[in-house]
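Step one of this worksheet: look at the structure below.
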Amino acid sequence: MRVVVIGTGHVGLVTCGTLAALGHEVVGTDADQEKISRLQSGILPFHEPDLDALVEEQAKDGRLGFTDDASEAIPNADVVFICVSTPPRSTGEANLVAVEQAVRLVGHRASGRTVVVEKSTVPAGTAQRIRHVLLQEGNGVRKELEVVSNPEFLREGSAVRDSLEPDRILVGAERDWAFGVMRELYAPLIANGARLIETDINTAELAKHASNAFLALKISYANALARICERAEADVVAVAEVMGADPRIGPDFLRAGLGYGGSCFPKDLQAFQHLAASLHYDFPLLREIGRINDEAIEATLEKVRAGLWNLEHKRVVLLGLAFKPGTDDVRFSPPLALAARLLDGGATVVGHDPQAMANAKEECPGLLASTDPYEAAEGAHCLVVCTEWPEFRSLDLRRLRDVMAQPFVVDARNLFEPEEILAAGFSYQPTGRPGSP
Ligand code: UDX
């Protein structure tokens, strides 16, 4: 099938590579000409494991190309994916301007039967808006344009695997022929055992928010437990293990730490709260998820302050700046929120991250950075583990201790085991676990 993908960000580019790998002819488009010309040269705008190899292979096999002029690609498309960004407005409502612009272009340029797919996360009810705009742009010409919701469930750092081996493929549509097109589009994945769930559009749009909010709820529940464990001298890691042994709960997303970040959970929670309010349903639980997440950063800051007394004239090194391991993405990154609080308190803050330092320095101007973790730790009075990059586990702890001014570690991701840190001669404050007196 002929597919056009509008928007070549984290979701769009993975969608391009995946659909090309399924055998379709895919054209990725973006308003950012610089991004498109770099993609045409095989240079990706962000780090995502296995994505460069996937895009390179599909481009080499002639199934994937890029253009900055979507209008030239849309007329021939059987399916057009809307993968543009939907950032939160100050009100928390999703900003759908880019969605409207993309949809107007499709309505104007599409010819013949075309499925218009909402891939970006959008609030329930957006499809009705899109349908109306498609009719407006059709200049009265009755085109067979059908809107479908096909939310992404990709995790950054494992997006390619999540896309080629999805837990489920969710398709929300209103007409049988549109369901038929989507079944054909994903036929290889379905034949490979992927579970296809077909619903009406509103249900599909809502299910995406519901899924992300529940994942964030699990994380905030674990972080609230960490606060209680710190007071009760209990171990939240062990509590989570006990809970996770119950298949009704499951072990995933119960890791207490510095809280969730990224371009999805914070944004989707705000959009879900705004949607609930617009439907006149008060949903305080969603507010609590965000409050507890903010509290996780405060709790970590308090641990640093408790060990340093004043922050002025103190140097703090942050191990990890990305919102999670495996990515260079610092959007809504908890480590940067902590860095900002430490800088406001008068500390000197040095960050080290395997992938995200350039993005972090752009996002947090006052932050220093070093490509060498031992250099970053030189003269530091406190080391905070902010992102659980696996390579940090193999750091030479004694060498770190020797270069630091004060051997003090706050482990905001419980990356280390208390015994190993204490044996290396550090004062140690983990999250939700007993630390040094
Ligand atoms: C998330 C959802 O997992 C995915 O299904 C959706 O499509 C997009 O949003 P992503 O944000 O890329 O994916 O990463 P994820 O692995 O979910 O982590 C989100 C945040 O939660 C990260 O900051 C991570 O550090 C944090 N997290 C995750 C925890 O703090 N504790 C956990 O136990 C799990």
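Here, A, B, ... name the chains of the structure tokens in the order displayed, residue numbers run from 1 inside each chain, and ligands are numbered from 1 in the same displayed order.
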Could you find all residues in stretch 233-374 of chain A that DSSP calls strand (DSSP E) from the backbone, and write them as a PyMOL selection string?
chain A and resi 315-319+348-352+368-369
Would you mind exporting all heavy atoms of the selected residues as a CSV table (one decimal), in the first residue's frame?
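The file below, again36.csv, is the result:
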chain,number,residue,atom,x,y,z
A,315,ARG,N,29.3,21.5,44.9
A,315,ARG,CA,29.3,21.0,43.6
A,315,ARG,C,28.5,19.6,43.6
A,315,ARG,O,28.9,18.8,44.4
A,315,ARG,CB,30.7,20.8,43.1
A,315,ARG,CG,30.9,20.3,41.6
A,315,ARG,CD,32.3,20.1,41.3
A,315,ARG,NE,32.6,19.5,40.0
A,315,ARG,CZ,32.9,20.2,39.0
A,315,ARG,NH1,33.0,21.5,39.0
A,315,ARG,NH2,33.2,19.6,37.8
A,316,VAL,N,27.5,19.5,42.8
A,316,VAL,CA,26.7,18.3,42.7
A,316,VAL,C,26.8,17.7,41.3
A,316,VAL,O,26.6,18.4,40.3
A,316,VAL,CB,25.2,18.6,43.1
A,316,VAL,CG1,24.4,17.3,43.0
A,316,VAL,CG2,25.1,19.2,44.5
A,317,VAL,N,27.1,16.4,41.3
A,317,VAL,CA,27.2,15.8,39.9
A,317,VAL,C,26.0,14.9,39.7
A,317,VAL,O,25.6,14.2,40.7
A,317,VAL,CB,28.5,15.0,39.8
A,317,VAL,CG1,28.7,14.0,40.9
A,317,VAL,CG2,28.5,14.3,38.5
A,318,LEU,N,25.3,15.0,38.6
A,318,LEU,CA,24.1,14.2,38.3
A,318,LEU,C,24.5,13.2,37.2
A,318,LEU,O,25.0,13.5,36.1
A,318,LEU,CB,23.1,15.1,37.6
A,318,LEU,CG,22.6,16.3,38.5
A,318,LEU,CD1,21.4,17.0,37.7
A,318,LEU,CD2,22.2,16.0,39.9
A,319,LEU,N,24.4,11.9,37.6
A,319,LEU,CA,24.6,10.8,36.7
A,319,LEU,C,23.3,10.5,36.0
A,319,LEU,O,22.4,10.0,36.6
A,319,LEU,CB,25.1,9.6,37.4
A,319,LEU,CG,26.6,9.5,37.8
A,319,LEU,CD1,27.0,8.1,38.3
A,319,LEU,CD2,27.5,9.9,36.7
A,348,THR,N,26.7,24.4,42.3
A,348,THR,CA,27.2,24.2,40.9
A,348,THR,C,26.8,22.8,40.5
A,348,THR,O,27.0,21.8,41.4
A,348,THR,CB,28.8,24.3,41.0
A,348,THR,OG1,29.1,25.6,41.4
A,348,THR,CG2,29.3,24.0,39.6
A,349,VAL,N,26.2,22.6,39.4
A,349,VAL,CA,25.7,21.3,38.9
A,349,VAL,C,26.4,20.9,37.7
A,349,VAL,O,26.4,21.6,36.7
A,349,VAL,CB,24.2,21.4,38.7
A,349,VAL,CG1,23.6,20.0,38.4
A,349,VAL,CG2,23.5,21.9,40.0
A,350,VAL,N,27.0,19.7,37.7
A,350,VAL,CA,27.6,19.1,36.6
A,350,VAL,C,26.9,17.8,36.2
A,350,VAL,O,26.6,17.0,37.1
A,350,VAL,CB,29.1,18.7,36.9
A,350,VAL,CG1,29.8,18.3,35.6
A,350,VAL,CG2,29.8,19.8,37.6
A,351,GLY,N,26.6,17.6,34.9
A,351,GLY,CA,25.8,16.5,34.5
A,351,GLY,C,26.7,15.6,33.6
A,351,GLY,O,27.6,16.0,32.9
A,352,HIS,N,26.4,14.3,33.7
A,352,HIS,CA,27.0,13.3,32.7
A,352,HIS,C,26.0,12.4,32.2
A,352,HIS,O,25.1,11.9,33.0
A,352,HIS,CB,28.1,12.5,33.4
A,352,HIS,CG,28.6,11.3,32.6
A,352,HIS,ND1,29.4,11.5,31.5
A,352,HIS,CD2,28.3,10.0,32.7
A,352,HIS,CE1,29.6,10.4,30.9
A,352,HIS,NE2,29.0,9.4,31.6
A,368,LEU,N,26.5,22.5,33.9
A,368,LEU,CA,27.8,22.1,33.3
A,368,LEU,C,27.7,20.6,32.9
A,368,LEU,O,26.8,20.0,33.3
A,368,LEU,CB,28.9,22.3,34.3
A,368,LEU,CG,29.0,23.7,34.9
A,368,LEU,CD1,30.1,23.7,36.0
A,368,LEU,CD2,29.3,24.7,33.8
A,369,ALA,N,28.6,20.2,32.0
A,369,ALA,CA,28.5,18.8,31.6
A,369,ALA,C,29.9,18.3,31.3
A,369,ALA,O,30.8,19.0,30.9
A,369,ALA,CB,27.6,18.6,30.4
Residues of stretch 15-91 of chain A that approach stretch 144-159 of chain A to 9 Å or less, counting only C-alpha atoms: could you list each one with the shortest pair of atoms and its distance in Å to one decimal, rows by chain and increasing residue number, as CSV?
residue,atom,partner,partner_atom,distance
A:Thr15,CA,A:Glu152,CA,9.0
A:His47,CA,A:Gly157,CA,8.4
A:Glu48,CA,A:Gly157,CA,5.7
A:Pro49,CA,A:Gly157,CA,6.1
A:Asp50,CA,A:Ser158,CA,8.6
A:Leu51,CA,A:Ala159,CA,8.3
Selection to disk with all heavy atoms, as a CSV table (one decimal), in the first residue's frame:
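See part.csv below for the written result:
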chain,number,residue,atom,x,y,z
A,15,THR,N,7.2,4.9,12.8
A,15,THR,CA,6.0,4.5,11.9
A,15,THR,C,6.5,4.3,10.5
A,15,THR,O,6.2,3.3,9.8
A,15,THR,CB,4.9,5.5,12.0
A,15,THR,OG1,4.4,5.6,13.4
A,15,THR,CG2,3.7,5.1,11.1
A,47,HIS,N,18.4,10.0,19.0
A,47,HIS,CA,18.9,8.7,19.2
A,47,HIS,C,17.7,7.8,19.6
A,47,HIS,O,17.0,8.1,20.5
A,47,HIS,CB,19.9,8.7,20.3
A,47,HIS,CG,20.3,7.3,20.8
A,47,HIS,ND1,21.1,6.5,20.0
A,47,HIS,CD2,20.0,6.6,21.8
A,47,HIS,CE1,21.3,5.3,20.6
A,47,HIS,NE2,20.6,5.4,21.7
A,48,GLU,N,17.6,6.7,18.9
A,48,GLU,CA,16.6,5.6,19.2
A,48,GLU,C,17.3,4.3,18.8
A,48,GLU,O,17.5,4.1,17.6
A,48,GLU,CB,15.3,5.9,18.6
A,48,GLU,CG,14.2,4.8,18.8
A,48,GLU,CD,13.9,4.7,20.3
A,48,GLU,OE1,13.6,5.7,20.9
A,48,GLU,OE2,13.8,3.5,20.8
A,49,PRO,N,17.5,3.4,19.7
A,49,PRO,CA,18.2,2.1,19.3
A,49,PRO,C,17.6,1.4,18.1
A,49,PRO,O,16.3,1.4,18.1
A,49,PRO,CB,18.1,1.3,20.6
A,49,PRO,CG,18.0,2.3,21.7
A,49,PRO,CD,17.3,3.4,21.2
A,50,ASP,N,18.4,1.0,17.2
A,50,ASP,CA,17.9,0.2,16.0
A,50,ASP,C,17.2,1.0,14.9
A,50,ASP,O,16.9,0.5,13.9
A,50,ASP,CB,17.0,-1.0,16.4
A,50,ASP,CG,17.7,-1.9,17.5
A,50,ASP,OD1,18.9,-2.0,17.4
A,50,ASP,OD2,17.0,-2.3,18.4
A,51,LEU,N,16.8,2.2,15.2
A,51,LEU,CA,16.0,3.0,14.3
A,51,LEU,C,16.9,3.4,13.0
A,51,LEU,O,16.4,3.3,11.9
A,51,LEU,CB,15.4,4.2,14.9
A,51,LEU,CG,14.4,5.0,14.0
A,51,LEU,CD1,13.3,4.2,13.5
A,51,LEU,CD2,13.9,6.3,14.8
Enumerate residues in contact with ligand 1: an atom-to-atom distance of at most 8 Å, counting only C-alpha atoms and all ligand atoms. Format the result as a ChimeraX atom specification.
/A:151-159,211-212,215-216,218-219,222,252-265,323-325,333-334,387-388,413
Atom CA of A:Gln136 and atom CA of A:Gly107, how far apart in Å?
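About the pair atom CA of A:Gly107 and atom CA of A:Gln136: they are 7.7 Å apart.
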Just the residues within 12 Å of A:Ser278, please, counting only C-alpha atoms, with nothing from its chain fewer than 2 positions along; format it as a list in words.
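Residues near the query, excluding close chain neighbours: Gly92, Glu93, Pro123, Ala124, Gly125, Ala271, Phe272, Gln273, His274, Leu275, Ala276, His280, Tyr281, Asp282 and Phe283 of chain A.
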Considering only C-alpha atoms, state which residue in the set A:Cys16, A:Ala232, A:Ala127, A:Leu170 is at the smallest distance from A:Asn202.
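Looking only at the distances to A:Asn202, the closest residue turns out to be A:Ala127.
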Apply DSSP to the structure's backbone, then extract all residues of stretch 255-366 of chain A labelled helix (DSSP H, G or I) and return them as a PyMOL selection string.
chain A and resi 265-278+284-308+334-344+357-363
How many Å separate atom CA of A:Ala376 from atom CA of A:Pro407?
13.9 Å
